[in-house]
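Below: one structure, written as structure tokens.
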Amino acid sequence: MNRVNEVTKDAFNALIQLRNLPKDASVRPEHLYQRLRGYVDEVIARGKQTGMTETDISDVVYALVALGDEIAQRKPGAVRAHWHQRPLQLHYFAENVAGDGFFERLERIVRDPRRIEALVVYHLCLELGFLGRFAVRGGESELEVVKRRVREGLGPLLRPEAVSRRHLPKKERLHSRSMDFIALWLGLFALLFALCFIVALRIALDRMRDDLTDRSTEVLESFAKSDQAERG
């Protein structure tokens with residue numbers, strides 16, 4: 001994934017900056033537009049330099065452009081107005097239907113396991129909030145189905161290896177740790193049982209002592225009454 005990261009990192013950084021642009025920021029929309037076009041042109045050039053296929057370059061650029069247009073047209077005021085007149089998709093692909101086109105291209109990509117680099121870019125665009133044709137009430141559930149398919153297509157790239165096994169050179173070590181764990185719990189259980197037994201024994205002894213005290217008191221009182229009766 002180093003290649004696709006090298007090709008797209010600056011463009012994604014620019015898109016994130018555009019997304020986080022404050023509503024009251026005093027910027028020239030034409031400057032933002034030209035700046036983003038420059039980063040998209042760099043993606044095309046770097047893609048060719050690093051040996052990406054023309055199909056992958058086209059699909060990657062399409063995803064970036066679709067996300068850029070959607071982010072810009074969510075902005076209020078001059079930025080939105082400027083982008084509405086000249087969306088990037090119109091400049092690069094002579095169309096203005098990226099809300100649908102994004103998912104049509106994604107459908108072809110996700111079916112081809114060899115196109116993992118392009119799939120990574122589409123995954124990132126979705127994670128950065130691209131909605132496209134699903135930007136309608138009730139579209140969230142359908143979009144989530146698409147995202148799930150993308151995650152499944154990326155497979156091991158999104159599944160971190162279990163930490164507990166990563167650093168174990170031998171299976172015996174895992175078995176040894178399991179045995180130690182069991183022995184530890186057995187020891188703790190035995191200790192807990194002993195403590196419970198001691199507490200129960202202490203309570204029983206206290207009750208026995210109280211009973212003996214009461215009985216002794218009764219015997220002494222009975223003996224005293226008998227003694228007084230004999231003297232009387």
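Labels used: A, B, ... for chains in the order of the structure tokens, numbers from 1 for residues in each chain, and numbers from 1 for ligands as shown.
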For Ile16 (chain A), list every protein, DNA or RNA residue within 12 Å, evaluated using only C-alpha atoms, and leave out those in the same chain fewer than 2 positions away; present the list as a list in words.
->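 Near Ile16 (chain A), the qualifying residues are Lys9, Asp10, Ala11, Phe12, Asn13, Ala14, Leu18, Arg19, Asn20, Leu21, Leu36, Leu64, Leu67, Gly68, Ile71, Ala72, Leu124, Cys125, Glu127, Leu128, Gly129 and Phe130 of chain A.
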Could you state the separation of CA of Asp69 (chain A) and CA of His84 (chain A) in Å, given to one decimal place?
->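 Between CA of Asp69 (chain A) and CA of His84 (chain A) the gap works out to 8.5 Å.
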Smallest atom-to-atom distance to Gly77 (chain A): which of A:Val60, A:Ala98, A:Pro22, A:Tyr92, using only C-alpha atoms?
->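 Selected residue with least distance to Gly77 (chain A): A:Pro22.
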Select from region 36-170 of chain A everything DSSP, run on the backbone, classes as alpha helix (DSSP H), then give the selection as a VMD selection string.
-> chain A and resid 36 to 49 54 to 74 78 to 85 88 to 93 98 to 110 116 to 127 139 to 154 163 to 166
